[in-house]
file run06.tsv (TSV, C-alpha atoms)
chain	number	residue	atom	x	y	z
A	124	MET	CA	-10.90	-7.30	-6.18
A	125	THR	CA	-10.81	-5.68	-9.62
A	126	PRO	CA	-9.72	-8.32	-12.13
A	127	PHE	CA	-6.90	-7.66	-14.57
A	128	VAL	CA	-7.94	-6.58	-18.04
A	129	ARG	CA	-6.28	-8.94	-20.48
A	130	ASP	CA	-5.70	-8.51	-24.20
A	131	GLN	CA	-4.23	-5.11	-23.54
A	132	TRP	CA	-0.90	-3.31	-23.83
A	133	TYR	CA	0.77	-2.31	-20.57
A	134	VAL	CA	3.84	-0.26	-19.82
A	135	ALA	CA	6.49	-2.52	-18.32
A	136	ALA	CA	9.36	-0.03	-18.19
A	137	TYR	CA	10.86	3.08	-19.65
A	138	SER	CA	12.98	2.34	-22.71
A	139	THR	CA	15.99	3.70	-20.87
A	140	GLN	CA	15.55	1.07	-18.16
A	141	VAL	CA	15.92	-1.86	-20.54
A	142	GLY	CA	19.49	-2.56	-21.55
A	143	ARG	CA	21.97	-5.40	-21.55
A	144	GLY	CA	20.94	-6.47	-18.10
A	145	LEU	CA	17.94	-8.54	-17.00
A	146	LEU	CA	15.02	-6.54	-15.66
A	147	ALA	CA	12.27	-8.29	-13.69
A	148	ARG	CA	8.73	-6.96	-13.78
A	149	THR	CA	5.43	-8.56	-12.87
A	150	VAL	CA	2.57	-7.35	-15.05
A	151	CYS	CA	-1.00	-8.45	-14.37
A	152	GLY	CA	0.35	-11.21	-12.18
A	153	GLU	CA	2.72	-12.52	-14.87
A	154	PRO	CA	6.46	-12.47	-14.01
A	155	ILE	CA	8.38	-11.13	-17.02
A	156	VAL	CA	12.09	-10.65	-17.70
A	157	LEU	CA	13.06	-7.86	-20.09
A	158	TYR	CA	16.35	-7.25	-21.86
A	159	ARG	CA	17.73	-5.64	-24.97
A	160	THR	CA	19.41	-7.71	-27.64
A	161	GLY	CA	22.72	-6.82	-29.21
A	162	GLY	CA	20.70	-5.52	-32.14
A	163	GLY	CA	18.79	-3.14	-29.89
A	164	GLN	CA	15.44	-4.94	-29.80
A	165	VAL	CA	13.63	-5.46	-26.51
A	166	ALA	CA	12.82	-9.06	-25.61
A	167	ALA	CA	10.23	-9.96	-22.97
A	168	LEU	CA	10.04	-13.54	-21.72
A	169	ALA	CA	8.21	-15.32	-18.94
A	170	ASP	CA	10.49	-15.01	-15.93
A	171	ARG	CA	10.46	-18.65	-14.89
A	172	CYS	CA	12.59	-21.48	-16.27
A	173	VAL	CA	10.38	-24.36	-17.44
A	174	HIS	CA	12.63	-26.81	-15.61
A	175	ARG	CA	12.43	-25.91	-11.92
A	176	ARG	CA	10.85	-22.45	-12.14
A	177	PHE	CA	14.02	-20.52	-11.34
A	178	PRO	CA	13.64	-16.80	-12.19
A	179	LEU	CA	15.42	-16.09	-15.45
A	180	SER	CA	15.89	-12.51	-14.26
A	181	GLU	CA	18.31	-13.95	-11.67
A	182	SER	CA	20.24	-15.67	-14.41
A	183	LYS	CA	22.79	-14.62	-17.02
A	184	LEU	CA	22.51	-12.94	-20.39
A	185	VAL	CA	24.91	-14.50	-22.87
A	186	ASP	CA	24.80	-12.77	-26.25
A	187	ASP	CA	21.03	-12.69	-26.89
A	188	THR	CA	20.18	-15.77	-24.84
A	189	ILE	CA	19.38	-16.20	-21.18
A	190	VAL	CA	21.22	-19.04	-19.45
A	191	CYS	CA	19.27	-20.14	-16.39
A	192	GLY	CA	21.31	-19.51	-13.29
A	193	TYR	CA	20.25	-22.79	-11.73
A	194	HIS	CA	20.82	-25.60	-14.29
A	195	GLY	CA	21.74	-23.82	-17.51
A	196	PHE	CA	18.60	-24.15	-19.60
A	197	THR	CA	19.21	-21.59	-22.34
A	198	TYR	CA	16.49	-19.53	-24.04
A	199	GLY	CA	16.42	-17.42	-27.17
A	200	THR	CA	14.49	-14.19	-27.64
A	201	ASP	CA	11.50	-16.14	-28.94
A	202	GLY	CA	11.35	-18.12	-25.69
A	203	ARG	CA	12.49	-21.38	-27.25
A	204	CYS	CA	15.00	-23.41	-25.28
A	205	VAL	CA	18.13	-23.87	-27.38
A	206	ALA	CA	20.25	-25.85	-24.92
A	207	VAL	CA	19.75	-28.07	-21.88
A	208	PRO	CA	22.47	-29.49	-19.65
A	209	GLY	CA	24.06	-32.87	-20.28
A	210	GLN	CA	21.96	-34.08	-23.21
A	211	GLN	CA	21.42	-33.44	-26.89
A	212	ARG	CA	17.65	-33.77	-26.99
A	213	ILE	CA	15.75	-30.62	-26.08
A	214	PRO	CA	12.25	-31.49	-24.85
A	215	ARG	CA	9.57	-30.22	-27.19
A	216	THR	CA	7.83	-28.33	-24.40
A	217	ALA	CA	11.00	-26.55	-23.32
A	218	ARG	CA	9.99	-23.00	-24.06
A	219	VAL	CA	8.78	-20.00	-22.14
A	220	THR	CA	6.22	-17.45	-23.24
A	221	SER	CA	7.62	-14.65	-25.36
A	222	TYR	CA	5.54	-11.52	-24.98
A	223	PRO	CA	4.71	-9.13	-27.83
A	224	VAL	CA	6.63	-5.96	-27.08
A	225	ALA	CA	6.79	-2.47	-28.56
A	226	GLU	CA	8.64	0.72	-27.78
A	227	GLN	CA	6.69	3.93	-28.16
A	228	ASP	CA	6.81	7.39	-26.61
A	229	SER	CA	9.71	6.42	-24.31
A	230	PHE	CA	7.84	3.43	-22.88
A	231	VAL	CA	8.30	-0.32	-23.32
A	232	TRP	CA	4.85	-1.81	-23.78
A	233	VAL	CA	4.09	-5.50	-23.36
A	234	TRP	CA	0.92	-7.28	-24.47
A	235	ILE	CA	-0.84	-9.29	-21.79
A	236	GLY	CA	-3.27	-11.81	-23.21
A	237	ASP	CA	-3.76	-13.63	-26.47
A	238	ALA	CA	-0.69	-12.81	-28.58
A	239	GLU	CA	-2.75	-13.29	-31.73
A	240	ARG	CA	-4.71	-10.18	-30.81
A	241	ALA	CA	-1.68	-7.95	-30.25
A	242	GLU	CA	-1.77	-4.97	-32.62
A	243	THR	CA	0.67	-2.13	-32.03
A	244	SER	CA	-1.87	0.29	-33.49
A	245	LEU	CA	-3.87	-0.26	-30.30
A	246	ILE	CA	-1.18	1.35	-28.13
A	247	PRO	CA	-2.39	4.77	-26.98
A	248	ARG	CA	-0.04	7.68	-27.59
A	249	ALA	CA	1.80	10.08	-25.31
A	250	PRO	CA	3.90	11.81	-27.98
A	251	TRP	CA	5.19	14.67	-25.82
A	252	LEU	CA	7.50	12.35	-23.92
A	253	ALA	CA	9.74	11.89	-26.94
A	254	ASP	CA	9.31	15.31	-28.55
A	255	ALA	CA	12.20	17.79	-28.61
A	256	ARG	CA	9.73	20.66	-28.24
A	257	TYR	CA	9.11	19.52	-24.68
A	258	THR	CA	11.31	18.95	-21.66
A	259	THR	CA	10.29	15.86	-19.73
A	260	VAL	CA	10.89	14.59	-16.23
A	261	CYS	CA	9.72	11.15	-15.22
A	262	GLY	CA	9.87	8.40	-12.64
A	263	MET	CA	8.19	5.24	-11.40
A	264	GLU	CA	6.98	4.59	-7.90
A	265	PRO	CA	5.79	1.17	-6.78
A	266	LEU	CA	2.40	1.22	-5.17
A	267	ALA	CA	1.29	-1.31	-2.54
A	268	ALA	CA	-2.31	-0.95	-3.68
A	269	ARG	CA	-4.57	-2.35	-6.36
A	270	TYR	CA	-4.46	-0.42	-9.62
A	271	SER	CA	-8.13	0.57	-9.46
A	272	LEU	CA	-7.33	2.85	-6.53
A	273	LEU	CA	-4.90	4.81	-8.69
A	274	VAL	CA	-7.52	5.02	-11.45
A	275	ASP	CA	-10.03	6.43	-8.94
A	276	ASN	CA	-7.40	8.86	-7.69
A	277	LEU	CA	-6.45	10.24	-11.09
A	278	LEU	CA	-9.97	10.48	-12.48
A	279	ASP	CA	-11.04	12.72	-9.61
A	280	LEU	CA	-8.55	15.55	-9.18
A	281	SER	CA	-10.59	17.24	-6.47
A	282	HIS	CA	-8.34	15.32	-4.07
A	283	GLU	CA	-5.57	17.76	-5.01
A	284	THR	CA	-7.15	20.32	-2.72
A	285	TYR	CA	-6.87	18.10	0.32
A	286	LEU	CA	-3.96	15.76	-0.34
A	287	HIS	CA	-1.62	17.99	-2.32
A	288	GLY	CA	-1.97	21.41	-0.69
A	289	GLY	CA	1.33	23.25	-0.90
A	290	TYR	CA	2.12	21.68	-4.28
A	291	ILE	CA	-0.77	21.61	-6.76
A	292	GLY	CA	-3.88	21.85	-4.61
A	293	THR	CA	-5.95	25.01	-4.19
A	294	PRO	CA	-9.58	25.43	-3.07
A	295	GLU	CA	-10.78	26.04	-6.63
A	296	VAL	CA	-9.96	22.51	-7.78
A	297	ALA	CA	-12.48	20.90	-5.47
A	298	GLU	CA	-14.99	23.73	-6.00
A	299	THR	CA	-15.09	23.73	-9.79
A	300	PRO	CA	-17.62	21.49	-11.58
A	301	VAL	CA	-16.34	18.98	-14.12
A	302	THR	CA	-17.58	17.81	-17.49
A	303	THR	CA	-17.29	14.10	-18.25
A	304	LYS	CA	-17.46	12.45	-21.66
A	305	VAL	CA	-17.29	8.76	-22.37
A	306	ASP	CA	-16.41	7.65	-25.88
A	307	GLU	CA	-17.77	4.14	-26.23
A	308	ASP	CA	-16.27	3.59	-29.68
A	309	ASP	CA	-12.68	4.49	-28.92
A	310	HIS	CA	-12.80	3.54	-25.22
A	311	VAL	CA	-11.67	6.87	-23.85
A	312	ILE	CA	-12.92	8.80	-20.82
A	313	TYR	CA	-12.55	12.57	-20.72
A	314	VAL	CA	-12.89	14.70	-17.61
A	315	SER	CA	-12.43	18.45	-17.88
A	316	ARG	CA	-12.23	21.09	-15.20
A	317	HIS	CA	-11.69	24.68	-16.32
A	318	MET	CA	-10.96	27.23	-13.62
A	319	ASP	CA	-11.23	30.81	-14.86
A	320	ASP	CA	-9.80	32.57	-11.84
A	321	ALA	CA	-7.86	30.42	-9.43
A	322	ALA	CA	-5.03	30.74	-6.97
A	323	CYS	CA	-1.72	29.70	-8.46
A	324	PRO	CA	-0.29	26.80	-6.44
A	325	PRO	CA	3.46	26.70	-5.78
A	326	PHE	CA	4.08	24.01	-8.41
A	327	TYR	CA	2.93	26.34	-11.18
A	328	ALA	CA	4.00	29.64	-9.61
A	329	LYS	CA	7.62	28.56	-9.27
A	330	SER	CA	7.85	26.74	-12.59
A	331	THR	CA	6.19	29.46	-14.71
A	332	GLY	CA	7.01	32.57	-12.68
A	333	ILE	CA	3.37	33.67	-12.65
A	334	THR	CA	2.79	35.74	-9.52
A	335	GLY	CA	-0.96	36.41	-9.61
A	336	ARG	CA	-4.10	34.42	-10.11
A	337	ILE	CA	-4.46	32.10	-13.05
A	338	VAL	CA	-6.67	30.46	-15.60
A	339	ARG	CA	-6.16	26.76	-14.93
A	340	TRP	CA	-7.45	24.03	-17.18
A	341	GLN	CA	-7.29	20.34	-16.44
A	342	ASP	CA	-8.29	18.14	-19.36
A	343	ILE	CA	-8.00	14.43	-18.64
A	344	GLU	CA	-7.97	11.62	-21.17
A	345	TYR	CA	-7.98	8.13	-19.76
A	346	HIS	CA	-7.32	5.30	-22.16
A	347	PRO	CA	-8.12	2.29	-20.01
A	348	PRO	CA	-6.58	0.31	-18.66
A	349	CYS	CA	-3.05	1.69	-18.72
A	350	LEU	CA	-2.60	5.22	-20.05
A	351	TYR	CA	-3.75	8.43	-18.39
A	352	LEU	CA	-3.10	11.88	-19.81
A	353	LEU	CA	-3.67	15.20	-18.10
A	354	HIS	CA	-3.40	18.20	-20.37
A	355	SER	CA	-2.67	21.03	-17.96
A	356	ARG	CA	-2.80	24.65	-19.09
A	357	VAL	CA	-2.11	27.66	-16.89
A	358	ALA	CA	-1.90	31.34	-17.79
A	359	PRO	CA	-2.46	34.64	-16.02
A	360	THR	CA	-6.16	35.26	-15.42
A	361	GLY	CA	-7.86	36.42	-18.60
A	362	VAL	CA	-5.23	34.97	-20.95
A	363	LEU	CA	-6.86	32.47	-23.28
A	364	PRO	CA	-5.76	30.66	-26.45
A	365	GLU	CA	-5.98	32.58	-29.70
A	366	PRO	CA	-9.01	32.09	-31.95
A	367	ASP	CA	-6.88	30.00	-34.32
A	368	GLY	CA	-6.09	27.54	-31.53
A	369	SER	CA	-2.52	28.67	-30.99
A	370	ASP	CA	-1.65	29.47	-27.42
A	371	PRO	CA	1.58	31.44	-27.27
A	372	ARG	CA	0.88	32.89	-23.82
A	373	GLY	CA	-0.24	29.68	-22.15
A	374	PHE	CA	2.00	27.34	-20.17
A	375	HIS	CA	1.37	23.69	-20.89
A	376	MET	CA	2.26	20.59	-19.01
A	377	GLU	CA	1.38	17.17	-20.35
A	378	VAL	CA	1.14	14.94	-17.29
A	379	VAL	CA	1.28	11.26	-18.18
A	380	TYR	CA	0.69	8.24	-16.02
A	381	ALA	CA	1.02	4.62	-17.01
A	382	ILE	CA	-1.01	2.58	-14.55
A	383	THR	CA	0.34	-0.95	-14.70
A	384	PRO	CA	-1.17	-3.59	-12.44
A	385	SER	CA	1.57	-5.78	-11.04
A	386	THR	CA	-0.16	-8.14	-8.63
A	387	GLU	CA	-3.69	-7.99	-7.26
A	388	ASN	CA	-2.63	-5.43	-4.69
A	389	THR	CA	0.50	-3.83	-6.14
A	390	THR	CA	0.88	-1.41	-9.05
A	391	TYR	CA	3.62	0.30	-11.02
A	392	ASP	CA	2.93	4.03	-11.00
A	393	PHE	CA	4.85	5.43	-13.98
A	394	TRP	CA	4.65	9.22	-14.10
A	395	ALA	CA	6.00	11.87	-16.43
A	396	VAL	CA	5.61	15.61	-16.90
A	397	ALA	CA	6.43	17.20	-20.26
A	398	ARG	CA	6.42	21.01	-20.43
A	399	ASP	CA	6.63	23.38	-23.36
A	400	PHE	CA	8.26	26.31	-21.55
A	401	ALA	CA	11.63	27.02	-19.95
A	402	LEU	CA	12.89	24.08	-21.94
A	403	ASP	CA	16.56	24.57	-21.11
A	404	ASP	CA	16.17	25.84	-17.55
A	405	ASP	CA	17.73	23.15	-15.39
A	406	GLY	CA	16.42	24.81	-12.25
A	407	VAL	CA	12.83	24.48	-13.50
A	408	THR	CA	13.50	20.91	-14.58
A	409	GLU	CA	14.80	19.97	-11.16
A	410	PHE	CA	11.95	21.76	-9.42
A	411	VAL	CA	9.27	20.09	-11.57
A	412	HIS	CA	10.86	16.69	-11.05
A	413	GLU	CA	11.17	17.00	-7.30
A	414	SER	CA	7.75	18.58	-6.82
A	415	ASN	CA	5.90	16.13	-9.00
A	416	ARG	CA	7.65	13.19	-7.39
A	417	ALA	CA	6.63	14.57	-3.99
A	418	VAL	CA	3.01	14.75	-5.19
A	419	VAL	CA	3.17	11.19	-6.51
A	420	LEU	CA	4.60	9.99	-3.21
A	421	GLN	CA	1.73	11.69	-1.36
A	422	ASP	CA	-0.64	9.65	-3.50
A	423	VAL	CA	1.39	6.50	-2.92
A	424	GLU	CA	1.28	6.97	0.83
A	425	ALA	CA	-2.46	7.62	0.81
A	426	LEU	CA	-3.32	4.75	-1.52
A	427	ASP	CA	-1.13	2.31	0.40
A	428	VAL	CA	-3.06	3.27	3.54
A	429	LEU	CA	-6.35	2.92	1.65
A	430	GLU	CA	-5.40	-0.51	0.32
A	431	ARG	CA	-4.72	-1.78	3.82
A	432	ALA	CA	-8.02	-0.38	5.03
A	433	ILE	CA	-10.01	-1.90	2.18
A	434	ALA	CA	-8.23	-5.23	2.36
A	435	ALA	CA	-9.18	-5.52	6.02
A	436	GLU	CA	-12.87	-4.97	5.34
A	437	PRO	CA	-15.38	-7.69	4.60
A	438	ALA	CA	-16.57	-7.94	1.02
A	439	GLY	CA	-19.59	-5.91	0.04
A	440	VAL	CA	-19.02	-2.80	2.13
A	441	GLN	CA	-20.86	0.04	0.46
A	442	GLU	CA	-19.17	3.19	-0.81
A	443	LEU	CA	-20.82	6.53	-1.36
A	444	SER	CA	-20.35	8.33	-4.67
A	445	ILE	CA	-21.01	12.01	-5.34
A	446	ASN	CA	-20.67	14.33	-8.31
A	447	ILE	CA	-16.87	14.38	-8.25
A	448	ASP	CA	-16.91	10.62	-8.90
A	449	THR	CA	-18.70	10.82	-12.25
A	450	GLY	CA	-15.52	10.16	-14.24
A	451	GLY	CA	-14.21	7.52	-11.87
A	452	LEU	CA	-17.48	5.61	-12.08
A	453	ALA	CA	-17.28	5.73	-15.87
A	454	ALA	CA	-13.74	4.37	-15.72
A	455	ARG	CA	-14.79	1.48	-13.50
A	456	ARG	CA	-17.58	0.58	-15.89
A	457	MET	CA	-15.29	0.68	-18.91
A	458	LEU	CA	-12.67	-1.46	-17.17
A	459	ALA	CA	-15.36	-4.02	-16.41
A	460	GLN	CA	-16.54	-3.84	-20.01
A	461	LEU	CA	-13.01	-4.42	-21.34
A	462	THR	CA	-12.51	-7.30	-18.91
A	463	ARG	CA	-15.66	-9.00	-20.19
A	464	ALA	CA	-14.67	-8.40	-23.81
A	465	ALA	CA	-11.28	-10.06	-23.26
A	466	GLU	CA	-12.92	-13.04	-21.58
A	467	ALA	CA	-15.44	-13.55	-24.37
A	468	PRO	CA	-14.60	-16.23	-26.94
A	469	PRO	CA	-13.37	-14.83	-30.28
A	470	VAL	CA	-15.98	-14.24	-32.93
A	471	PRO	CA	-15.53	-16.76	-35.79
A	472	ALA	CA	-14.27	-15.17	-38.99
B	196	MET	CA	7.91	35.56	-15.62
B	197	ILE	CA	9.29	32.74	-17.72
B	198	SER	CA	8.34	32.97	-21.39
B	199	ALA	CA	5.51	30.73	-22.44
B	200	ALA	CA	5.56	28.53	-25.49
B	201	SER	CA	6.98	29.91	-28.72
B	202	ALA	CA	4.60	31.93	-30.86
B	203	THR	CA	5.57	29.67	-33.75
B	204	GLU	CA	4.13	26.68	-31.95
B	205	PRO	CA	1.56	24.88	-34.07
B	206	ALA	CA	-2.10	25.44	-33.27
B	207	ARG	CA	-3.20	23.17	-30.46
B	208	GLU	CA	-6.49	22.20	-28.99
B	209	MET	CA	-6.35	21.98	-25.23
B	210	ALA	CA	-9.63	20.16	-24.80
B	211	PRO	CA	-8.95	16.84	-26.52
B	212	ALA	CA	-11.07	16.05	-29.53
B	213	VAL	CA	-13.65	13.34	-28.97
B	214	THR	CA	-13.77	11.30	-32.13
B	215	GLY	CA	-16.30	8.54	-31.45
B	216	THR	CA	-19.94	8.66	-32.43
B	217	SER	CA	-21.24	6.96	-29.29
B	218	VAL	CA	-20.43	9.50	-26.62
B	219	TYR	CA	-22.10	9.96	-23.26
B	220	ARG	CA	-21.72	13.40	-21.72
B	221	VAL	CA	-22.30	14.49	-18.14
B	222	ASP	CA	-22.22	18.16	-17.22
B	223	TRP	CA	-22.17	19.26	-13.64
B	224	LEU	CA	-24.55	22.19	-13.80
B	225	PRO	CA	-22.69	25.27	-12.48
B	226	GLY	CA	-23.99	26.66	-9.24
B	227	THR	CA	-25.96	23.55	-8.44
B	228	ASP	CA	-25.39	20.02	-7.18
B	229	ARG	CA	-27.13	18.57	-10.22
B	230	LEU	CA	-25.75	16.59	-13.11
B	231	LEU	CA	-27.07	16.80	-16.68
B	232	GLY	CA	-26.52	13.54	-18.52
B	233	THR	CA	-26.82	13.33	-22.29
B	234	CYS	CA	-26.97	10.02	-24.11
B	235	HIS	CA	-25.60	9.69	-27.63
B	236	CYS	CA	-29.17	9.14	-28.77
B	237	GLY	CA	-30.07	12.61	-27.54
B	238	ALA	CA	-31.96	11.61	-24.41
B	239	VAL	CA	-31.19	13.70	-21.35
B	240	ILE	CA	-31.56	13.30	-17.62
B	241	VAL	CA	-30.95	15.58	-14.67
B	242	ALA	CA	-29.91	13.80	-11.50
B	243	ASP	CA	-28.13	14.50	-8.26
B	244	ASP	CA	-26.50	11.10	-7.93
B	245	PRO	CA	-23.87	9.92	-10.44
B	246	VAL	CA	-24.60	6.25	-9.80
B	247	ARG	CA	-28.27	6.62	-10.72
B	248	LEU	CA	-27.37	8.91	-13.59
B	249	TRP	CA	-25.06	6.31	-15.18
B	250	GLU	CA	-27.63	3.56	-14.61
B	251	TRP	CA	-30.21	5.60	-16.46
B	252	LEU	CA	-27.93	6.66	-19.31
B	253	LEU	CA	-26.92	3.06	-19.97
B	254	SER	CA	-30.37	1.57	-19.84
B	255	HIS	CA	-33.00	4.22	-20.37
B	256	PRO	CA	-36.10	2.64	-21.92
B	257	ASP	CA	-36.60	5.05	-24.79
B	258	HIS	CA	-33.03	4.64	-26.10
B	259	ARG	CA	-33.00	5.25	-29.82
call {"tool": "encode", "arguments": {"input": "run06.tsv", "output": "structure tokens"}}
result
Amino acid sequence: MTPFVRDQWYVAAYSTQVGRGLLARTVCGEPIVLYRTGGGQVAALADRCVHRRFPLSESKLVDDTIVCGYHGFTYGTDGRCVAVPGQQRIPRTARVTSYPVAEQDSFVWVWIGDAERAETSLIPRAPWLADARYTTVCGMEPLAARYSLLVDNLLDLSHETYLHGGYIGTPEVAETPVTTKVDEDDHVIYVSRHMDDAACPPFYAKSTGITGRIVRWQDIEYHPPCLYLLHSRVAPTGVLPEPDGSDPRGFHMEVVYAITPSTENTTYDFWAVARDFALDDDGVTEFVHESNRAVVLQDVEALDVLERAIAAEPAGVQELSINIDTGGLAARRMLAQLTRAAEAPPVPA
Amino acid sequence: MISAASATEPAREMAPAVTGTSVYRVDWLPGTDRLLGTCHCGAVIVADDPVRLWEWLLSHPDHR
């Protein structure tokens, strides 16, 4: 089983999902309750009362405190217990973990690990999701599979040809060689596939109106463990960006996934598609949302099946990797590297 | 056809910029089944198996 990578930021929710209610999420095996204070800040606390472990997410929000729904232990946004039933003295250990939290690019990020190491500058960016020059659709699908299977899936898009035919898959995706780069300093994996003359799959034909063959570029950036970006460019065959880098005749979709491990064999699959064309066309928006969600659900179905198959196998069964797996193998190595780094004792100052 | 992005859109680079100095690169050589791996020290390897290619890139003996 792939271990969780600690000392990392993970997406727990979309900002719009966190309000004046109590939202339960389990991130890297840690139950968390999220809510928004009256002042608009997001609070993230361990979702278990210290008293008898009742889930605080099944409790009551009173002003900015959570009152445990079982015996009334009351917690502030910092996790400290401010009231217990029937007595004046509040035990010194009556507090729950308060998680570092940040809102960025429409996501609520929580830090899993040593809070002393939490730096918001470490959160990778997906700026398109909160940019008025783009129209964004998004969703979240729970996955009954370990997160590493989704990483494998997204790092190797050749599966589009076989799993997503009729939406985004065409023969050229699996046929076109990829270039992989691994940035050891910034911990980013890049996988690029540029198709010069490809069939236009329905997802792009209907959203852009292109009727013929296309130039199709897929440029992946994976910022392990949580954020995956796919810069997708399509244009009629022969239409390339201008020498100055502008691209007025290209259609761009920024496809974003937040891959958040929940338990050892469940994952939150946050997905979003931001496009820079037909911004106000509600028909295109609805089509992109429905189509992309259908694609995500095809992945969910396949990975849930795969999880059950793998879980039933004895440990140590060998896989076979080929050229299409070059990026996925790099991702696995970097995840292992980050896991080891988080487990290492801090270097004395 | 739907209009593409506005011509006033700022210049953009589709292939994301790689900013680090320690970068491994693997090119799948077009028309072949072979992979060309390039270490950040400049060493190169051609292989037909990505597992062996990564093993070599990460531990090749003449790494500078």
call {"tool": "residues_around", "arguments": {"input": "run06.tsv", "residues": "Ala381 (chain A)", "least_positions_apart": "2", "cutoff": "9 Å", "atoms": "all atoms listed in the file", "output": "number ranges by chain"}}
result
A: 133-134, 348-352, 379, 383, 391-395
call {"tool": "interface_residues", "arguments": {"input": "run06.tsv", "of": "chain A", "to": "chain B", "cutoff": "8 Å", "atoms": "only C-alpha atoms", "output": "ChimeraX atom specification"}}
result
/A:300-309,315,331-334,342,344,354,356,367-375,399-401,444-446,448-449,452-453
call {"tool": "residues_near_point", "arguments": {"input": "run06.tsv", "point": "(-6.8, -6.3, -17.2)", "cutoff": "12 Å", "atoms": "only C-alpha atoms", "output": "VMD selection string"}}
result
chain A and resid 124 to 133 150 to 153 234 to 236 269 to 271 347 to 349 382 to 387 455 457 to 466
call {"tool": "residues_around", "arguments": {"input": "run06.tsv", "residues": "Asp427 (chain A)", "least_positions_apart": "4", "cutoff": "8 Å", "atoms": "only C-alpha atoms", "output": "mmCIF file with C-alpha atoms, in the frame of the given file"}}
result
data_model
loop_
_atom_site.group_PDB
_atom_site.id
_atom_site.type_symbol
_atom_site.label_atom_id
_atom_site.label_comp_id
_atom_site.auth_asym_id
_atom_site.auth_seq_id
_atom_site.Cartn_x
_atom_site.Cartn_y
_atom_site.Cartn_z
ATOM 1 C CA LEU A 266 2.400 1.220 -5.170
ATOM 2 C CA ALA A 267 1.290 -1.310 -2.540
ATOM 3 C CA ALA A 268 -2.310 -0.950 -3.680
ATOM 4 C CA VAL A 423 1.390 6.500 -2.920
ATOM 5 C CA ARG A 431 -4.720 -1.780 3.820
#
call {"tool": "residues_around", "arguments": {"input": "run06.tsv", "residues": "Gly163 (chain A)", "least_positions_apart": "5", "cutoff": "10 Å", "atoms": "all atoms listed in the file", "output": "list in words"}}
result
Val141, Gly142, Arg143 and Tyr158 of chain A
call {"tool": "atom_distance", "arguments": {"input": "run06.tsv", "atom1": "CA of Val190 (chain A)", "atom2": "CA of Thr139 (chain A)"}}
result
23.4 Å
call {"tool": "atom_distance", "arguments": {"input": "run06.tsv", "atom1": "CA of Glu413 (chain A)", "atom2": "CA of Met376 (chain A)"}}
result
15.1 Å
call {"tool": "closest_residue", "arguments": {"input": "run06.tsv", "among": "A:Gln441, A:Gln164, A:Thr259, A:Ser221", "to": "Asp405 (chain A)", "atoms": "all atoms listed in the file"}}
result
A:Thr259
call {"tool": "residues_around", "arguments": {"input": "run06.tsv", "residues": "region 242-257 of chain A", "least_positions_apart": "2", "cutoff": "6 Å", "atoms": "all atoms listed in the file", "output": "JSON, numbers by chain"}}
result
{"A": [228, 397, 398, 399]}
call {"tool": "atom_distance", "arguments": {"input": "run06.tsv", "atom1": "CA of Ala238 (chain A)", "atom2": "CA of Pro223 (chain A)"}}
result
6.6 Å
call {"tool": "build_atoms", "arguments": {"input": "run06.tsv", "residues": "region 221-231 of chain B", "atoms": "N, CA and C atoms", "output": "CSV table (one decimal), in the coordinates of the input"}}
result
chain,number,residue,atom,x,y,z
B,221,VAL,N,-21.7,14.1,-19.4
B,221,VAL,CA,-22.3,14.5,-18.1
B,221,VAL,C,-21.7,15.8,-17.8
B,222,ASP,N,-22.6,16.8,-17.6
B,222,ASP,CA,-22.2,18.2,-17.2
B,222,ASP,C,-22.7,18.4,-15.8
B,223,TRP,N,-21.8,18.8,-15.0
B,223,TRP,CA,-22.2,19.3,-13.6
B,223,TRP,C,-22.7,20.7,-13.8
B,224,LEU,N,-23.9,20.9,-13.5
B,224,LEU,CA,-24.6,22.2,-13.8
B,224,LEU,C,-24.0,23.2,-12.8
B,225,PRO,N,-23.4,24.3,-13.3
B,225,PRO,CA,-22.7,25.3,-12.5
B,225,PRO,C,-23.7,25.9,-11.5
B,226,GLY,N,-23.2,26.0,-10.3
B,226,GLY,CA,-24.0,26.7,-9.2
B,226,GLY,C,-25.0,25.8,-8.6
B,227,THR,N,-25.0,24.5,-9.0
B,227,THR,CA,-26.0,23.6,-8.4
B,227,THR,C,-25.2,22.3,-8.1
B,228,ASP,N,-26.0,21.3,-7.5
B,228,ASP,CA,-25.4,20.0,-7.2
B,228,ASP,C,-25.9,19.0,-8.2
B,229,ARG,N,-26.5,19.5,-9.3
B,229,ARG,CA,-27.1,18.6,-10.2
B,229,ARG,C,-26.2,18.2,-11.4
B,230,LEU,N,-26.5,17.1,-11.9
B,230,LEU,CA,-25.8,16.6,-13.1
B,230,LEU,C,-26.7,16.5,-14.3
B,231,LEU,N,-26.3,16.9,-15.4
B,231,LEU,CA,-27.1,16.8,-16.7
B,231,LEU,C,-26.4,15.7,-17.5
